[in-house]
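J.: What follows is query09.txt, made up of compact mmCIF, C-alpha atoms:
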# COMPACT_ATOMS: atom_id res chain seq x y z
CA MET A 295 39.35 108.12 -5.82
CA ILE A 296 41.69 105.51 -7.25
CA PRO A 297 43.67 103.87 -4.43
CA GLY A 298 47.37 104.66 -4.57
CA ALA A 299 46.98 107.34 -7.19
CA LEU A 300 46.96 110.38 -4.98
CA ARG A 301 50.35 111.62 -3.86
CA GLU A 302 49.55 114.97 -2.39
CA ALA A 303 46.79 117.54 -2.64
CA VAL A 304 47.30 121.24 -2.17
CA ALA A 305 44.60 123.86 -1.97
CA ARG A 306 45.89 127.39 -1.97
CA ASP A 307 44.35 130.70 -2.95
CA GLY A 308 41.26 128.93 -4.13
CA GLU A 309 43.19 126.70 -6.51
CA HIS A 310 43.44 122.96 -6.24
CA ILE A 311 46.62 121.13 -7.16
CA VAL A 312 46.71 117.37 -7.02
CA TYR A 313 49.89 115.34 -7.38
CA VAL A 314 49.24 111.98 -8.97
CA ALA A 315 51.48 108.95 -9.21
CA ARG A 316 52.82 108.47 -12.69
CA GLU A 317 51.62 104.88 -13.03
CA ARG A 318 48.04 105.75 -12.08
CA LEU A 319 47.66 108.93 -14.11
CA LEU A 320 45.36 107.55 -16.78
CA GLU A 321 43.05 105.93 -14.23
CA ALA A 322 42.91 109.09 -12.18
CA MET A 323 42.18 111.22 -15.21
CA GLN A 324 39.46 108.88 -16.35
CA TRP A 325 37.95 108.99 -12.88
CA LEU A 326 38.04 112.78 -12.91
CA LYS A 327 36.44 112.91 -16.31
CA GLU A 328 33.71 110.36 -15.90
CA THR A 329 32.69 110.28 -12.24
CA PRO A 330 29.45 112.15 -11.51
CA GLY A 331 30.28 115.09 -9.31
CA GLN A 332 33.69 115.52 -10.96
CA GLU A 333 32.95 115.76 -14.69
CA PHE A 334 36.13 117.50 -15.71
CA ASP A 335 35.23 117.35 -19.37
CA TYR A 336 37.59 119.99 -20.72
CA LEU A 337 41.37 119.70 -20.89
CA VAL A 338 42.54 123.30 -20.95
CA ASP A 339 46.28 122.79 -21.27
CA VAL A 340 49.13 120.39 -20.85
CA THR A 341 52.52 121.77 -20.03
CA ALA A 342 55.64 120.93 -18.07
CA VAL A 343 57.92 122.62 -15.56
CA GLU A 344 61.59 122.06 -15.00
CA PHE A 345 63.02 123.80 -11.95
CA ARG A 346 66.39 125.45 -11.62
CA ASP A 347 67.11 123.10 -8.75
CA ARG A 348 68.36 120.04 -10.63
CA GLU A 349 67.31 117.75 -7.77
CA ARG A 350 63.65 118.63 -8.15
CA PRO A 351 61.62 116.44 -10.43
CA ILE A 352 60.20 117.68 -13.70
CA GLU A 353 56.46 118.22 -13.44
CA VAL A 354 53.93 117.57 -16.15
CA VAL A 355 50.92 119.77 -15.47
CA TYR A 356 47.37 119.21 -16.68
CA PHE A 357 44.77 121.94 -16.37
CA LEU A 358 41.26 120.54 -16.24
CA ARG A 359 37.98 122.37 -16.22
CA SER A 360 34.46 121.21 -15.65
CA LEU A 361 32.26 123.30 -17.87
CA GLN A 362 29.18 121.99 -16.11
CA ARG A 363 30.30 122.71 -12.56
CA ARG A 364 32.51 125.70 -13.40
CA ALA A 365 35.36 124.19 -11.45
CA ASP A 366 39.07 123.97 -12.18
CA ILE A 367 41.70 121.54 -11.03
CA ARG A 368 45.38 121.20 -11.72
CA ILE A 369 46.90 117.74 -11.92
CA LYS A 370 50.65 117.29 -11.64
CA VAL A 371 52.81 114.28 -12.31
CA GLU A 372 56.39 114.29 -11.11
CA LEU A 373 59.07 112.73 -13.28
CA GLN A 374 62.51 112.09 -11.85
CA PRO A 375 65.22 113.41 -14.21
CA SER A 376 67.26 110.28 -13.56
CA GLU A 377 64.50 108.03 -14.87
CA GLU A 378 62.94 107.77 -18.29
CA LEU A 379 60.88 110.89 -19.02
CA SER A 380 57.62 109.35 -20.07
CA VAL A 381 54.04 109.41 -18.97
CA ASP A 382 50.78 107.97 -20.30
CA SER A 383 49.04 110.00 -22.94
CA VAL A 384 45.58 111.29 -22.09
CA TRP A 385 44.72 111.52 -25.77
CA SER A 386 42.25 108.65 -25.36
CA LEU A 387 40.25 110.76 -22.90
CA TRP A 388 40.57 114.20 -24.47
CA HIS A 389 41.55 114.29 -28.15
CA GLY A 390 42.53 117.91 -27.61
CA ALA A 391 45.62 116.61 -25.85
CA ASP A 392 47.10 115.70 -29.23
CA TRP A 393 48.93 118.93 -30.03
CA LEU A 394 49.40 119.91 -26.39
CA GLU A 395 51.34 116.74 -25.70
CA ARG A 396 53.26 117.14 -28.93
CA GLU A 397 54.35 120.57 -27.78
CA VAL A 398 55.52 119.26 -24.42
CA PHE A 399 57.39 116.51 -26.22
CA ASP A 400 58.95 119.04 -28.57
CA MET A 401 60.05 121.44 -25.87
CA PHE A 402 60.90 119.09 -22.97
CA GLY A 403 61.49 115.69 -24.55
CA ILE A 404 58.86 114.02 -22.40
CA SER A 405 57.33 111.14 -24.33
CA PHE A 406 53.67 110.31 -24.00
CA LYS A 407 52.91 106.61 -24.21
CA GLY A 408 49.86 105.88 -26.33
CA HIS A 409 49.93 109.16 -28.23
CA PRO A 410 48.83 108.50 -31.83
CA ASP A 411 51.30 110.83 -33.53
CA LEU A 412 54.08 111.97 -31.23
CA ARG A 413 56.25 114.25 -33.36
CA ARG A 414 57.74 117.69 -32.98
CA ILE A 415 55.22 120.42 -33.57
CA LEU A 416 56.94 123.80 -33.23
CA MET A 417 60.46 122.90 -34.29
CA TRP A 418 60.86 121.08 -37.58
CA GLU A 419 60.95 117.32 -37.49
CA THR A 420 64.64 116.94 -38.27
CA TYR A 421 65.65 119.39 -35.52
CA ALA A 422 68.66 117.79 -33.90
CA GLU A 423 69.75 120.21 -31.19
CA GLY A 424 67.65 118.86 -28.37
CA TYR A 425 64.72 120.13 -26.37
CA PRO A 426 64.74 123.94 -26.13
CA LEU A 427 62.95 124.50 -22.84
CA ARG A 428 65.15 122.15 -20.83
CA LYS A 429 67.45 123.91 -18.39
CA SER A 430 70.46 122.19 -19.91
CA PHE A 431 69.70 123.70 -23.32
CA PRO A 432 71.79 126.79 -24.16
CA LEU A 433 69.69 129.78 -25.15
CA ARG A 434 71.19 130.03 -28.61
CA GLY A 435 71.08 126.33 -29.33
CA ARG A 436 73.94 123.89 -29.56
CA PHE A 437 75.12 124.43 -33.13
CA SER A 438 76.88 127.42 -34.61
CA ARG A 439 74.73 129.97 -36.39
CA ALA A 440 76.11 128.92 -39.77
CA GLU A 441 75.21 125.30 -39.09
CA GLN A 442 71.74 126.32 -37.95
CA VAL A 443 71.23 128.32 -41.14
CA ARG A 444 72.49 125.43 -43.24
CA GLN A 445 70.18 122.92 -41.59
CA ALA A 446 67.22 125.27 -41.79
CA LEU A 447 67.76 125.90 -45.50
CA ASN A 448 68.01 122.20 -46.18
CA ALA A 449 64.62 121.57 -44.63
CA ASN A 450 61.82 120.89 -47.06
CA PRO A 451 59.10 123.43 -46.34
CA GLU A 452 56.44 121.26 -47.89
CA ALA A 453 57.22 118.09 -45.99
CA HIS A 454 54.99 119.09 -43.10
CA TYR A 455 51.74 119.66 -44.94
CA SER A 456 50.96 116.43 -46.65
CA LEU A 457 47.48 115.08 -47.24
CA GLU A 458 48.30 112.47 -44.65
CA GLU A 459 48.92 115.10 -42.04
CA LEU A 460 45.68 116.83 -42.76
CA SER A 461 44.22 113.42 -41.86
CA ILE A 462 41.96 113.25 -44.85
CA ALA A 463 42.30 109.52 -44.49
CA GLU A 464 40.41 109.73 -41.23
CA ALA A 465 37.60 111.73 -42.79
CA GLY A 466 37.59 109.39 -45.78
CA GLY A 467 34.32 107.75 -44.90
CA ASP A 468 32.44 111.04 -45.13
CA LEU A 469 33.88 112.15 -48.46
CA PRO A 470 32.07 111.65 -51.76
CA ASP A 471 33.16 108.61 -53.75
CA ASP A 472 34.87 110.44 -56.57
CA MET A 473 36.93 112.53 -54.19
CA ARG A 474 37.93 109.45 -52.26
CA ASP A 475 39.04 107.77 -55.46
CA ARG A 476 41.02 110.80 -56.49
CA LEU A 477 42.76 110.90 -53.14
CA ARG A 478 43.50 107.21 -53.26
CA ARG A 479 45.11 107.54 -56.65
CA GLY A 480 46.74 110.84 -55.64
CA GLU A 481 50.25 111.85 -56.58
CA ARG A 482 51.54 111.17 -53.11
CA GLY A 483 50.62 107.49 -53.29
CA VAL A 484 48.30 105.54 -51.07
CA VAL A 485 46.08 107.08 -48.48
CA PRO A 486 47.30 105.75 -45.12
CA GLU A 487 45.18 103.77 -42.70
CA PRO A 488 43.47 105.83 -40.02
CA PRO A 489 45.20 105.55 -36.65
CA ASN A 490 43.96 102.77 -34.40
CA ARG A 491 41.72 103.95 -31.68
CA MET B 25 68.02 161.57 -61.08
CA LYS B 26 71.09 161.26 -63.25
CA ARG B 27 71.47 163.89 -65.86
CA VAL B 28 70.88 162.25 -69.20
CA GLY B 29 72.35 164.63 -71.68
CA GLU B 30 73.14 168.16 -72.49
CA VAL B 31 70.52 170.25 -74.20
CA GLN B 32 72.50 172.12 -76.83
CA SER B 33 69.57 173.70 -78.51
CA SER B 34 65.87 173.20 -78.59
CA ASN B 35 66.18 170.95 -81.64
CA TYR B 36 68.37 168.06 -80.58
CA LEU B 37 69.65 166.20 -77.56
CA LEU B 38 73.16 164.89 -77.14
CA ALA B 39 73.58 161.86 -74.87
CA LYS B 40 75.36 158.56 -74.60
CA PHE B 41 73.11 155.83 -75.86
CA GLU B 42 73.93 153.68 -72.81
CA ASN B 43 72.89 156.37 -70.41
CA LEU B 44 69.65 156.88 -72.26
CA VAL B 45 68.84 153.18 -72.13
CA ASP B 46 69.79 152.97 -68.47
CA TRP B 47 67.69 155.99 -67.68
CA ALA B 48 64.67 154.55 -69.44
CA VAL B 49 65.06 151.07 -67.92
CA ASN B 50 65.86 152.20 -64.41
CA SER B 51 63.11 154.80 -64.28
CA SER B 52 60.50 152.34 -65.36
CA ARG B 53 61.77 149.78 -62.89
CA ALA B 54 62.03 152.15 -59.97
CA ASN B 55 58.71 153.85 -60.53
CA SER B 56 56.74 150.66 -60.72
CA LEU B 57 58.05 148.40 -57.99
CA TRP B 58 55.58 145.69 -57.12
CA PRO B 59 56.10 144.63 -53.52
CA MET B 60 55.81 141.09 -52.25
CA PRO B 61 54.86 141.49 -48.58
CA PHE B 62 56.33 138.89 -46.25
CA GLY B 63 54.86 139.97 -42.94
CA THR B 64 55.55 137.82 -39.91
CA ALA B 65 55.15 140.16 -36.95
CA CYS B 66 54.24 143.65 -35.77
CA CYS B 67 56.26 145.25 -38.60
CA ALA B 68 53.57 143.95 -40.92
CA ILE B 69 51.07 146.20 -39.15
CA GLU B 70 53.21 149.21 -39.97
CA PHE B 71 53.60 147.85 -43.47
CA MET B 72 49.82 147.77 -43.82
CA ALA B 73 49.66 151.32 -42.50
CA THR B 74 52.18 152.30 -45.15
CA ALA B 75 50.03 150.70 -47.80
CA ALA B 76 46.81 152.26 -46.55
CA SER B 77 45.42 155.64 -47.50
CA ARG B 78 47.22 157.90 -45.06
CA PHE B 79 50.77 157.06 -46.13
CA ASP B 80 49.89 155.28 -49.36
CA PHE B 81 52.98 153.89 -51.01
CA ALA B 82 50.97 153.69 -54.23
CA ARG B 83 52.24 157.23 -54.71
CA PHE B 84 55.61 155.67 -55.46
CA GLY B 85 54.38 153.17 -58.00
CA MET B 86 53.67 150.35 -55.55
CA GLU B 87 49.91 150.28 -55.90
CA ARG B 88 49.85 146.67 -56.87
CA GLN B 89 50.89 144.37 -54.07
CA ALA B 90 51.85 141.06 -55.59
CA PHE B 91 50.84 138.23 -53.35
CA SER B 92 52.50 135.93 -55.82
CA PRO B 93 56.29 136.03 -55.86
CA ARG B 94 56.30 135.45 -59.62
CA GLN B 95 54.84 138.89 -60.24
CA ALA B 96 56.84 140.82 -57.68
CA ASP B 97 59.91 143.01 -57.86
CA VAL B 98 60.73 143.73 -54.25
CA LEU B 99 60.43 141.39 -51.30
CA ILE B 100 59.64 143.26 -48.10
CA CYS B 101 60.37 141.09 -45.09
CA ALA B 102 58.44 142.75 -42.28
CA GLY B 103 59.09 141.00 -39.00
CA ARG B 104 61.19 138.36 -37.32
CA LEU B 105 62.12 135.25 -39.21
CA PRO B 106 62.38 131.92 -37.38
CA PHE B 107 64.61 129.21 -38.78
CA LYS B 108 61.52 127.25 -39.68
CA LEU B 109 60.56 129.99 -42.15
CA ALA B 110 64.07 130.31 -43.61
CA PRO B 111 63.50 127.80 -46.45
CA VAL B 112 60.17 129.49 -47.18
CA ILE B 113 61.59 132.96 -47.68
CA ARG B 114 64.47 131.47 -49.65
CA ARG B 115 62.01 129.75 -51.97
CA ILE B 116 59.90 132.88 -52.35
CA TYR B 117 63.02 134.82 -53.22
CA ASP B 118 64.06 132.16 -55.74
CA GLN B 119 60.63 132.29 -57.35
CA MET B 120 60.78 136.03 -57.97
CA PRO B 121 61.90 136.95 -61.50
CA GLN B 122 65.00 139.03 -62.12
CA PRO B 123 65.60 141.84 -61.43
CA LYS B 124 64.55 141.65 -57.78
CA TRP B 125 65.27 143.58 -54.63
CA VAL B 126 64.81 142.93 -50.94
CA ILE B 127 63.92 145.35 -48.15
CA SER B 128 64.56 144.12 -44.63
CA MET B 129 62.07 145.96 -42.47
CA GLY B 130 62.67 146.32 -38.76
CA ALA B 131 65.29 145.32 -36.24
CA CYS B 132 64.37 141.62 -36.15
CA ALA B 133 64.52 141.06 -39.88
CA SER B 134 67.79 142.97 -40.11
CA THR B 135 69.67 141.56 -37.12
CA GLY B 136 67.46 139.23 -35.12
CA GLY B 137 66.71 142.11 -32.74
CA VAL B 138 66.00 141.04 -29.19
CA PHE B 139 65.43 137.47 -30.30
CA ASP B 140 68.98 136.28 -29.91
CA ASN B 141 67.97 132.69 -29.36
CA TYR B 142 67.91 129.20 -30.79
CA ALA B 143 64.88 129.69 -33.00
CA MET B 144 65.52 132.95 -34.81
CA VAL B 145 67.50 133.85 -37.92
CA GLN B 146 70.01 136.55 -36.96
CA GLY B 147 69.33 138.82 -39.93
CA ILE B 148 67.69 137.71 -43.15
CA ASP B 149 70.82 138.69 -45.05
CA THR B 150 72.13 135.26 -44.08
CA ILE B 151 69.30 133.79 -46.17
CA VAL B 152 68.69 136.25 -49.03
CA PRO B 153 70.66 139.29 -50.24
CA VAL B 154 69.25 142.52 -48.81
CA ASP B 155 69.30 145.89 -50.55
CA VAL B 156 67.83 148.23 -47.94
CA TYR B 157 67.65 147.80 -44.18
CA VAL B 158 64.98 149.83 -42.41
CA PRO B 159 65.76 150.14 -38.70
CA GLY B 160 63.10 150.51 -36.03
CA CYS B 161 61.00 148.38 -33.76
CA PRO B 162 58.77 148.58 -35.67
CA PRO B 163 59.74 151.35 -38.10
CA ARG B 164 57.11 153.99 -38.65
CA PRO B 165 55.57 154.22 -42.12
CA GLU B 166 57.77 157.23 -42.81
CA GLY B 167 60.75 154.99 -42.17
CA LEU B 168 59.59 152.40 -44.64
CA LEU B 169 58.81 155.08 -47.21
CA TYR B 170 62.31 156.47 -46.76
CA GLY B 171 63.68 152.97 -47.32
CA ILE B 172 61.62 152.64 -50.48
CA LEU B 173 62.93 155.97 -51.75
CA LEU B 174 66.49 154.82 -50.99
CA LEU B 175 65.78 151.71 -53.02
CA HIS B 176 64.58 153.92 -55.90
CA LYS B 177 67.88 155.77 -55.69
CA LYS B 178 69.80 152.52 -55.72
CA ILE B 179 67.88 151.20 -58.72
CA LYS B 180 68.47 154.41 -60.65
CA GLY B 181 72.20 153.98 -60.10
CA GLU B 182 72.30 150.59 -61.75
CA SER B 183 73.50 150.01 -65.27
CA LEU B 184 72.93 147.31 -67.85
CA PHE B 185 76.25 148.01 -69.50
CA ASP B 186 78.52 148.27 -66.49
CA ALA B 187 79.36 144.89 -64.96
CA VAL B 188 80.01 146.48 -61.57
CA LYS B 189 76.64 148.18 -61.41
CA ARG B 190 74.69 145.40 -63.05
CA ARG B 191 72.51 143.10 -60.98
CA ASP B 192 73.26 139.45 -61.50
CA GLU B 193 71.92 136.45 -59.70
CA GLN B 194 74.14 135.65 -56.74
CA PRO B 195 74.90 131.94 -56.81
CA LEU B 196 74.74 129.89 -53.62
CA ASP B 197 77.67 127.89 -52.38
CA ASP B 198 77.56 124.10 -52.29
CA LYS B 199 76.17 124.09 -48.75
CA GLY B 200 73.21 126.22 -49.81
CA LEU B 201 74.50 129.17 -47.80
CA ARG B 202 74.49 132.66 -49.20
CA LEU B 203 77.40 133.80 -47.05
CA PRO B 204 80.44 131.82 -45.92
CA PRO B 205 79.94 130.15 -42.50
CA GLU B 206 82.52 132.38 -40.78
CA THR B 207 80.66 135.48 -41.93
CA ILE B 208 77.35 134.17 -40.65
CA ASP B 209 78.89 133.38 -37.26
CA GLU B 210 80.55 136.77 -37.19
CA ILE B 211 77.52 138.88 -38.02
CA SER B 212 75.41 136.94 -35.54
CA GLU B 213 77.96 137.53 -32.80
CA PRO B 214 76.58 137.43 -29.26
CA PHE B 215 75.22 140.67 -27.90
CA GLY B 216 72.49 141.91 -25.63
CA ASN B 217 70.74 139.81 -23.07
CA SER B 218 72.72 136.61 -23.12
CA VAL B 219 76.40 137.39 -23.50
CA HIS B 220 77.27 135.25 -20.50
CA GLN B 221 76.18 132.10 -22.26
CA PHE B 222 78.47 130.12 -24.50
CA ARG B 223 77.54 127.73 -27.27
CA SER B 224 79.54 124.95 -25.67
CA SER B 225 77.69 125.21 -22.36
Can you turn what I pasted into C-alpha cells?
T.:
Amino acid sequence: MIPGALREAVARDGEHIVYVARERLLEAMQWLKETPGQEFDYLVDVTAVEFRDRERPIEVVYFLRSLQRRADIRIKVELQPSEELSVDSVWSLWHGADWLEREVFDMFGISFKGHPDLRRILMWETYAEGYPLRKSFPLRGRFSRAEQVRQALNANPEAHYSLEELSIAEAGGDLPDDMRDRLRRGERGVVPEPPNR
Amino acid sequence: MKRVGEVQSSNYLLAKFENLVDWAVNSSRANSLWPMPFGTACCAIEFMATAASRFDFARFGMERQAFSPRQADVLICAGRLPFKLAPVIRRIYDQMPQPKWVISMGACASTGGVFDNYAMVQGIDTIVPVDVYVPGCPPRPEGLLYGILLLHKKIKGESLFDAVKRRDEQPLDDKGLRLPPETIDEISEPFGNSVHQFRSS
C-alpha cells in the first residue's frame, strides 16, 4: 500500500476497518480503487462520527465495496477537533461522493478540499445556526423559535432549484441546438460554465 | 344547521334576508370543500385512506382533490413540517383564493409532536392560521372525517354580514410572522424528551 498512509488496521467480526492518515487519504483511496485485487469500485457512504469524549478525534468514515469481489472495507480518517476540520474530497474518484460529502459538510462542518460544489444540502443555504450533528449543537438549535420561524419564512423556496443546479450546463453538449439556444437566452441569464474536472 | 325561518303556513316563509343569504352561501361552501392535500409524512397515508373508497370523504363534497392551490378551499397539512418547508406551505396558503380554511392533521402538524428539535416547525399555526386541529399519531380516517365535519359546522356558523363572524385575510406583521414572537416562543415551549437542554447551552 502507500507508505505512511496506514495508521492502524482493525479486523473484527469479519469487518475490516482501516485508519488512514489525513494527508494520504486520496492516494490510499485511489490505490484501493484501482489496484488489481482491491477494486473497491463502489463508494457506499460517507459519514462522520463525533464522540461524546471531547478529547477523541472526529472520524470521517468511508464505506467501500468491491462489486466484483463482493468485499467491503471501512476507511476512517481522524480529524483533531483543535485543528482545521478538512479532508480531501474523493469526488474525483467516485462522483457519488458529491452529495454524501455535502451532507457531512452540512451536518458536521467538515470541509472537503477539491469538492466541486460544497454547499449545504439538507439545511437551507442561509442556515446560520451551525452544524446540527456536532455535540456542541443544542438539540433545538441556537436561535429562539420565533427567530427560526422568521428566518425560515424569509427563505426563498425557489432559490434552490435553478437550471444551474440541475446542471443542464454540464449536459449542454448533448442537447439539441434549439434547446441549447433557448437555455442560453433563458430568463435566468447565462448558462454557467461546467465545473472544471 | 341553523334554522332559517319560521314556516307560518304552507304558502310563505318568513326569514331575515341576511340569514337566508348566509345559509345559501355557507351551505354551498361547506358542502363542496375542495381539499389541497399537503402530505409530508405518515399522516398522508391516513389521508389517502380517508380519500379512498372505504371512508370516502367524497361523501362530504370533497370528491375533487385540488392539486393546485388556486382551485382549493381547504389546505390539509398531513404530517410534520420542517422549517425548510415553511415558506412553501406559506406560499401555497397565499395562493389559495378566499375564503380558505386549514386543517392541521396529526400531532406533528399541530404541535411539532415528538420532533422537538432544530429542524421542525412547532405547530403550523405559527406559519398559517389553522381552523381545525385533528389529534392523533397518525389520526385514523374517522378522526379526519370528524375534523372535516367540525369544519363544516364552523363554516356554517360564519356570516357575511357580521364582522365578528366574517372571514377576512389576516395580515402578516412586518417581520413576516403570523403571530408575535413571544407567542411563538410560548406555544413552542420545551416539553417532552429534551427539557434539560437550554437554548443558551
J.: For chain A, work out the contacting residues on chain B at 6 Å, counting all atoms listed in the file, and write them as a ChimeraX atom specification.
T.: /B:107,111,141-142,205,208-209,223
J.: Contacts of Pro159 in chain B at 7 Å or less, counting all atoms listed in the file, minus same-chain residues fewer than 3 places along, as number ranges by chain?
T.: B: 129-131, 163
J.: Using all atoms listed in the file, can you list as a PDB file with C-alpha atoms, in the frame of the given file the residues within 9 Å of (53.4, 136.4, -42.0)?
T.:
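Heads up, here's the output in part-v5.pdb:
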ATOM      1  CA  PRO B  61      54.860 141.490 -48.580  1.00  0.00           C
ATOM      2  CA  PHE B  62      56.330 138.890 -46.250  1.00  0.00           C
ATOM      3  CA  GLY B  63      54.860 139.970 -42.940  1.00  0.00           C
ATOM      4  CA  THR B  64      55.550 137.820 -39.910  1.00  0.00           C
ATOM      5  CA  ALA B  65      55.150 140.160 -36.950  1.00  0.00           C
ATOM      6  CA  ALA B  68      53.570 143.950 -40.920  1.00  0.00           C
ATOM      7  CA  CYS B 101      60.370 141.090 -45.090  1.00  0.00           C
ATOM      8  CA  ALA B 102      58.440 142.750 -42.280  1.00  0.00           C
ATOM      9  CA  GLY B 103      59.090 141.000 -39.000  1.00  0.00           C
TER      10      GLY B 103
END
J.: Compute the distance from (64.4, 155.4, -42.8) to each atom, counting only C-alpha atoms, keep the residues with any atom at most 12 Å away, and return them as a PDB file with C-alpha atoms, in the coordinates of the input; use the coordinates of the file.
T.:
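Below you can see result.pdb, which holds the result:
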ATOM      1  CA  ILE B 127      63.920 145.350 -48.150  1.00  0.00           C
ATOM      2  CA  SER B 128      64.560 144.120 -44.630  1.00  0.00           C
ATOM      3  CA  MET B 129      62.070 145.960 -42.470  1.00  0.00           C
ATOM      4  CA  GLY B 130      62.670 146.320 -38.760  1.00  0.00           C
ATOM      5  CA  VAL B 156      67.830 148.230 -47.940  1.00  0.00           C
ATOM      6  CA  TYR B 157      67.650 147.800 -44.180  1.00  0.00           C
ATOM      7  CA  VAL B 158      64.980 149.830 -42.410  1.00  0.00           C
ATOM      8  CA  PRO B 159      65.760 150.140 -38.700  1.00  0.00           C
ATOM      9  CA  GLY B 160      63.100 150.510 -36.030  1.00  0.00           C
ATOM     10  CA  CYS B 161      61.000 148.380 -33.760  1.00  0.00           C
ATOM     11  CA  PRO B 162      58.770 148.580 -35.670  1.00  0.00           C
ATOM     12  CA  PRO B 163      59.740 151.350 -38.100  1.00  0.00           C
ATOM     13  CA  ARG B 164      57.110 153.990 -38.650  1.00  0.00           C
ATOM     14  CA  PRO B 165      55.570 154.220 -42.120  1.00  0.00           C
ATOM     15  CA  GLU B 166      57.770 157.230 -42.810  1.00  0.00           C
ATOM     16  CA  GLY B 167      60.750 154.990 -42.170  1.00  0.00           C
ATOM     17  CA  LEU B 168      59.590 152.400 -44.640  1.00  0.00           C
ATOM     18  CA  LEU B 169      58.810 155.080 -47.210  1.00  0.00           C
ATOM     19  CA  TYR B 170      62.310 156.470 -46.760  1.00  0.00           C
ATOM     20  CA  GLY B 171      63.680 152.970 -47.320  1.00  0.00           C
ATOM     21  CA  ILE B 172      61.620 152.640 -50.480  1.00  0.00           C
ATOM     22  CA  LEU B 173      62.930 155.970 -51.750  1.00  0.00           C
ATOM     23  CA  LEU B 174      66.490 154.820 -50.990  1.00  0.00           C
ATOM     24  CA  LEU B 175      65.780 151.710 -53.020  1.00  0.00           C
TER      25      LEU B 175
END
J.: Using only C-alpha atoms, determine which residues lie at most 12 Å from Asp80 in chain B, disregarding the query and same-chain residues fewer than 2 positions distant; provide the list as a PyMOL selection string.
T.: chain B and resi 70-78+82-89+165-166+168-169
J.: Between CA of Leu105 in chain B and CA of Arg428 in chain A, what is the distance in Å, rounded to a tenth?
T.: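 Going from CA of Leu105 in chain B over to CA of Arg428 in chain A, I get 22.8 Å.
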J.: Env of His389 in chain A: 12 Å cut, atoms = all atoms listed in the file, seq-sep filter 2 positions within chain, self excluded. Answer as a PyMOL selection string.
T.: chain A and resi 335-339+383-387+391-395+408-411+491
J.: Kindly save the residues from that selection, with C-alpha atoms included, as an mmCIF file, in the coordinates of the input.
T.:
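Produced file again.cif, reproduced below:
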data_model
loop_
_atom_site.group_PDB
_atom_site.id
_atom_site.type_symbol
_atom_site.label_atom_id
_atom_site.label_comp_id
_atom_site.auth_asym_id
_atom_site.auth_seq_id
_atom_site.Cartn_x
_atom_site.Cartn_y
_atom_site.Cartn_z
ATOM 1 C CA ASP A 335 35.230 117.350 -19.370
ATOM 2 C CA TYR A 336 37.590 119.990 -20.720
ATOM 3 C CA LEU A 337 41.370 119.700 -20.890
ATOM 4 C CA VAL A 338 42.540 123.300 -20.950
ATOM 5 C CA ASP A 339 46.280 122.790 -21.270
ATOM 6 C CA SER A 383 49.040 110.000 -22.940
ATOM 7 C CA VAL A 384 45.580 111.290 -22.090
ATOM 8 C CA TRP A 385 44.720 111.520 -25.770
ATOM 9 C CA SER A 386 42.250 108.650 -25.360
ATOM 10 C CA LEU A 387 40.250 110.760 -22.900
ATOM 11 C CA ALA A 391 45.620 116.610 -25.850
ATOM 12 C CA ASP A 392 47.100 115.700 -29.230
ATOM 13 C CA TRP A 393 48.930 118.930 -30.030
ATOM 14 C CA LEU A 394 49.400 119.910 -26.390
ATOM 15 C CA GLU A 395 51.340 116.740 -25.700
ATOM 16 C CA GLY A 408 49.860 105.880 -26.330
ATOM 17 C CA HIS A 409 49.930 109.160 -28.230
ATOM 18 C CA PRO A 410 48.830 108.500 -31.830
ATOM 19 C CA ASP A 411 51.300 110.830 -33.530
ATOM 20 C CA ARG A 491 41.720 103.950 -31.680
#
J.: Taking 2 positions as the minimum chain separation for residues in the same chain, which residues sit within 9 Å of Ala322 in chain A when counting only C-alpha atoms? Answer as a list in words.
T.: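 Near neighbours after the sequence-gap exclusion: Met295, Ile296, Ala299, Leu300, Val314, Arg318, Leu319, Leu320, Gln324, Trp325, Leu326 and Lys327 of chain A.
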